[in-house]
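So this block is coords-v4.cif, mmCIF, C-alpha atoms:
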```cif
data_structure
#
loop_
_atom_site.group_PDB
_atom_site.id
_atom_site.type_symbol
_atom_site.label_atom_id
_atom_site.label_comp_id
_atom_site.auth_asym_id
_atom_site.auth_seq_id
_atom_site.Cartn_x
_atom_site.Cartn_y
_atom_site.Cartn_z
ATOM 1 C CA MET A 1 10.061 82.998 49.800
ATOM 2 C CA TYR A 2 6.950 84.566 51.244
ATOM 3 C CA ALA A 3 4.998 86.538 48.682
ATOM 4 C CA ARG A 4 4.844 90.197 49.581
ATOM 5 C CA SER A 5 1.216 91.085 50.167
ATOM 6 C CA LYS A 6 -0.617 93.386 52.512
ATOM 7 C CA THR A 7 -3.819 91.351 52.516
ATOM 8 C CA PRO A 8 -5.205 89.958 55.775
ATOM 9 C CA HIS A 9 -4.959 86.487 54.221
ATOM 10 C CA ALA A 10 -1.184 86.757 53.841
ATOM 11 C CA LYS A 11 -0.778 87.996 57.413
ATOM 12 C CA ARG A 12 -2.927 85.115 58.687
ATOM 13 C CA PHE A 13 -0.940 82.638 56.625
ATOM 14 C CA ILE A 14 2.383 83.924 57.929
ATOM 15 C CA ALA A 15 1.108 83.765 61.523
ATOM 16 C CA LEU A 16 0.069 80.133 60.989
ATOM 17 C CA ALA A 17 3.413 79.331 59.395
ATOM 18 C CA VAL A 18 5.319 80.763 62.352
ATOM 19 C CA GLY A 19 3.106 78.770 64.723
ATOM 20 C CA ALA A 20 3.713 75.574 62.767
ATOM 21 C CA LEU A 21 7.455 76.205 62.832
ATOM 22 C CA LEU A 22 7.403 76.599 66.607
ATOM 23 C CA VAL A 23 5.452 73.353 66.928
ATOM 24 C CA ALA A 24 7.871 71.633 64.555
ATOM 25 C CA LEU A 25 10.948 72.800 66.398
ATOM 26 C CA SER A 26 9.527 71.910 69.801
ATOM 27 C CA SER A 27 8.554 68.496 68.454
ATOM 28 C CA SER A 28 11.920 67.762 66.847
ATOM 29 C CA ALA A 29 13.085 65.842 69.898
ATOM 30 C CA LEU A 30 10.046 63.573 69.543
ATOM 31 C CA ALA A 31 10.178 63.440 65.734
ATOM 32 C CA ALA A 32 11.221 59.809 65.561
ATOM 33 C CA ASP A 33 8.306 58.675 67.745
ATOM 34 C CA SER A 34 5.507 61.012 66.709
ATOM 35 C CA ALA A 35 6.211 61.995 63.099
ATOM 36 C CA ARG A 36 3.204 62.138 60.807
ATOM 37 C CA PRO A 37 3.681 59.626 57.994
ATOM 38 C CA ALA A 38 4.478 61.251 54.675
ATOM 39 C CA SER A 39 5.144 59.638 51.383
ATOM 40 C CA SER A 40 8.789 60.322 50.757
ATOM 41 C CA ALA A 41 10.608 59.268 47.623
ATOM 42 C CA GLU A 42 13.949 59.707 49.331
ATOM 43 C CA TYR A 43 15.298 59.801 52.845
ATOM 44 C CA PRO A 44 15.691 62.026 55.090
ATOM 45 C CA LEU A 45 12.663 64.377 55.233
ATOM 46 C CA VAL A 46 10.280 64.010 58.164
ATOM 47 C CA VAL A 47 6.964 65.795 58.728
ATOM 48 C CA VAL A 48 6.733 66.803 62.392
ATOM 49 C CA ALA A 49 3.560 68.913 62.288
ATOM 50 C CA PHE A 50 0.522 69.286 60.029
ATOM 51 C CA GLU A 51 -2.400 71.650 60.601
ATOM 52 C CA THR A 52 -5.293 73.021 58.590
ATOM 53 C CA THR A 53 -7.433 76.023 59.285
ATOM 54 C CA PRO A 54 -10.275 75.664 59.541
ATOM 55 C CA LYS A 55 -10.191 71.966 60.419
ATOM 56 C CA ARG A 56 -12.766 71.354 57.665
ATOM 57 C CA PRO A 57 -12.947 73.671 54.639
ATOM 58 C CA LYS A 58 -16.063 75.794 54.135
ATOM 59 C CA ALA A 59 -17.551 76.563 50.719
ATOM 60 C CA GLY A 60 -16.656 80.082 49.580
ATOM 61 C CA LYS A 61 -13.981 80.573 52.268
ATOM 62 C CA GLN A 62 -10.204 80.377 52.523
ATOM 63 C CA PHE A 63 -8.586 77.051 53.483
ATOM 64 C CA ILE A 64 -4.959 76.808 54.666
ATOM 65 C CA ALA A 65 -2.718 73.769 55.164
ATOM 66 C CA VAL A 66 0.659 74.128 56.908
ATOM 67 C CA ALA A 67 3.337 71.488 57.607
ATOM 68 C CA GLY A 68 6.586 71.516 59.566
ATOM 69 C CA ILE A 69 9.319 69.601 57.736
ATOM 70 C CA LEU A 70 12.758 68.743 59.092
ATOM 71 C CA ASN A 71 15.848 66.921 57.902
ATOM 72 C CA ASP A 72 15.601 63.633 59.803
ATOM 73 C CA GLU A 73 19.374 63.180 59.984
ATOM 74 C CA THR A 74 20.211 66.610 61.422
ATOM 75 C CA GLY A 75 16.885 67.819 62.858
ATOM 76 C CA ALA A 76 17.339 71.102 61.003
ATOM 77 C CA PRO A 77 14.500 72.934 59.233
ATOM 78 C CA VAL A 78 14.695 72.711 55.437
ATOM 79 C CA SER A 79 13.647 74.967 52.550
ATOM 80 C CA GLY A 80 12.992 74.339 48.887
ATOM 81 C CA ALA A 81 10.328 74.250 46.202
ATOM 82 C CA ILE A 82 6.637 73.630 46.877
ATOM 83 C CA ARG A 83 3.566 72.539 44.921
ATOM 84 C CA CYS A 84 -0.001 72.649 46.215
ATOM 85 C CA PRO A 85 -2.264 70.492 44.035
ATOM 86 C CA ALA A 86 -5.914 70.303 45.143
ATOM 87 C CA ARG A 87 -9.077 69.017 43.473
ATOM 88 C CA ILE A 88 -12.798 69.034 44.172
ATOM 89 C CA HIS A 89 -14.793 66.426 42.311
ATOM 90 C CA GLY A 90 -12.062 66.137 39.673
ATOM 91 C CA LYS A 91 -11.642 69.883 39.085
ATOM 92 C CA GLY A 92 -8.510 71.738 40.121
ATOM 93 C CA VAL A 93 -8.641 74.411 42.807
ATOM 94 C CA ARG A 94 -6.402 77.435 42.256
ATOM 95 C CA VAL A 95 -3.689 78.100 44.823
ATOM 96 C CA GLN A 96 -4.063 81.527 46.407
ATOM 97 C CA PHE A 97 -0.750 81.613 48.279
ATOM 98 C CA LYS A 98 2.129 79.196 48.875
ATOM 99 C CA ALA A 99 5.462 79.296 50.702
ATOM 100 C CA PHE A 100 8.189 76.917 51.869
ATOM 101 C CA GLU A 101 10.943 78.336 54.025
ATOM 102 C CA GLU A 102 12.739 77.557 57.302
ATOM 103 C CA GLY A 103 11.013 74.197 57.766
ATOM 104 C CA VAL A 104 7.474 75.476 57.183
ATOM 105 C CA ALA A 105 5.528 74.579 54.038
ATOM 106 C CA GLY A 106 2.079 76.035 53.532
ATOM 107 C CA CYS A 107 -0.631 76.447 50.941
ATOM 108 C CA SER A 108 -3.786 78.535 50.807
ATOM 109 C CA TRP A 109 -6.826 78.046 48.569
ATOM 110 C CA VAL A 110 -10.232 79.706 48.298
ATOM 111 C CA VAL A 111 -12.803 76.908 48.243
ATOM 112 C CA PRO A 112 -15.348 77.623 45.487
ATOM 113 C CA ALA A 113 -18.887 78.482 46.552
ATOM 114 C CA ARG A 114 -21.578 75.818 46.141
ATOM 115 C CA THR A 115 -19.144 72.941 46.731
ATOM 116 C CA GLY A 116 -20.503 72.010 50.171
ATOM 117 C CA GLY A 117 -20.746 68.278 50.752
ATOM 118 C CA LYS A 118 -18.035 67.494 48.189
ATOM 119 C CA ARG A 119 -14.530 66.367 49.088
ATOM 120 C CA LEU A 120 -11.411 68.531 48.798
ATOM 121 C CA VAL A 121 -8.434 66.274 48.051
ATOM 122 C CA GLY A 122 -4.981 67.790 47.952
ATOM 123 C CA SER A 123 -1.433 67.701 49.163
ATOM 124 C CA ILE A 124 1.580 69.764 50.037
ATOM 125 C CA GLU A 125 4.465 68.524 47.882
ATOM 126 C CA VAL A 126 7.990 69.695 48.656
ATOM 127 C CA VAL A 127 11.347 69.233 46.963
ATOM 128 C CA VAL A 128 14.553 69.981 48.868
ATOM 129 C CA THR A 129 17.969 70.085 47.198
ATOM 130 C CA ASP A 130 20.901 69.043 49.364
ATOM 131 C CA ASP A 131 23.558 71.782 49.342
ATOM 132 C CA TYR A 132 26.315 69.263 50.022
ATOM 133 C CA ASP A 133 25.905 66.807 47.145
ATOM 134 C CA GLY A 134 23.096 68.283 45.014
ATOM 135 C CA SER A 135 20.734 65.362 45.601
ATOM 136 C CA THR A 136 17.020 66.057 45.832
ATOM 137 C CA HIS A 137 14.634 64.854 48.509
ATOM 138 C CA ARG A 138 10.845 64.832 48.087
ATOM 139 C CA ALA A 139 7.913 64.548 50.447
ATOM 140 C CA SER A 140 4.172 64.694 49.917
ATOM 141 C CA ILE A 141 1.699 65.394 52.710
ATOM 142 C CA PRO A 142 -1.778 64.382 51.474
ATOM 143 C CA PHE A 143 -5.112 65.409 52.950
ATOM 144 C CA SER A 144 -8.769 64.781 52.193
ATOM 145 C CA LYS A 145 -11.574 66.820 53.775
ATOM 146 C CA VAL A 146 -15.343 67.075 53.271
ATOM 147 C CA ILE A 147 -16.377 70.683 52.589
ATOM 148 C CA ARG A 148 -18.904 72.275 54.939
ATOM 149 C CA ARG A 149 -21.834 74.153 53.455
#
```

For the file at hand, write its structure as structure tokens.
Amino acid sequence: MYARSKTPHAKRFIALAVGALLVALSSSALAADSARPASSAEYPLVVVAFETTPKRPKAGKQFIAVAGILNDETGAPVSGAIRCPARIHGKGVRVQFKAFEEGVAGCSWVVPARTGGKRLVGSIEVVVTDDYDGSTHRASIPFSKVIRR
């Protein structure tokens, strides 16, 4: 599900996604003890890793959020649909790139210039359909960061 692009941003995003997957898989044994809380409408999704780069968004620059998501019952990476809503002072921020595959969900935005000091509020929202019975499982990983100038 990765968008085909030859831009440096896409390559950076894919590198981060692979890194998050490795962290997620290495953390799967500790998932029950160290899972990051996520709002989940239905069992069994668990968020085992969440990273942003940079740690705090900078006005006029790219901001990326990546999460590792596993099936809590089996420990297997999951794939599905993704949404990346984000707002700054009530106005939506356009998603530059998004992907959810093999247990890694990620979103990329370009933070508008002259928004320093304001708060970027967003989330990574995923929907996974169970192949066995067709049921859907949802998880939302929220974040809130003050934008650097």

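For the file at hand, the PyMOL selection byres ((chain A and resi 73) around 9) resolves to A:Tyr43, A:Pro44, A:Leu45, A:Leu70, A:Asn71, A:Asp72, A:Thr74, A:Gly75, A:Ala76.
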
Contacts of range 53-69 of chain A at 6 Å (all atoms listed in the file; same-chain gap of 6+ positions) as a ChimeraX atom specification: /A:20-21,24,46-47,103-113,115-116,147-149

Computed interatomic separation between CA of Gln96 in chain A and CA of Thr129 in chain A (Å):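 Between CA of Gln96 in chain A and CA of Thr129 in chain A the gap is 24.8 Å.
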
Return as AutoDock Vina command-line options the box centre and box size in Å, one decimal, for an axis-aligned box around all listed atoms of range 51-66 of chain A padded by 4 Å per side.
```
--center_x -8.4 --center_y 76.0 --center_z 55.1 --size_x 26.2 --size_y 17.2 --size_z 19.0
```

Distance in Å - CA of Val146 in chain A versus CA of Thr52 in chain A: 12.8 Å

Can you list every residue of range 69-99 of chain A that has an atom at most 10 Å from range 135-145 of chain A, with its nearest atom pair and the distance in Å to one decimal, using all atoms listed in the file, ordered by chain then number, as a tab-separated table?
```
residue	atom	partner	partner_atom	distance
A:Ile69	CA	A:Ala139	CA	9.0
A:Asn71	CA	A:His137	CA	9.7
A:Gly80	CA	A:His137	CA	9.6
A:Ala81	CA	A:Arg138	CA	9.6
A:Ile82	CA	A:Ser140	CA	9.8
A:Arg83	CA	A:Ser140	CA	9.3
A:Cys84	CA	A:Ser140	CA	9.7
A:Pro85	CA	A:Pro142	CA	9.6
A:Ala86	CA	A:Phe143	CA	9.2
A:Arg87	CA	A:Ser144	CA	9.7
A:Ile88	CA	A:Lys145	CA	9.9
```

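Distance annotation: of A:Val48, A:Ala99, A:His89, A:Ser79, the residue with the minimal separation from Val128 in chain A is A:Ser79; atom set is only C-alpha atoms.
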
Separation of CA of Phe50 in chain A from CA of Arg94 in chain A, in Å and rounded to one decimal: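 Value for the CA of Phe50 in chain A-CA of Arg94 in chain A distance: 20.7 Å.
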
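The nearest approach to Val126 in chain A among the residues A:Gly92, A:Arg114, A:Ala49, A:Val78, with only C-alpha atoms taken into account, belongs to A:Val78.
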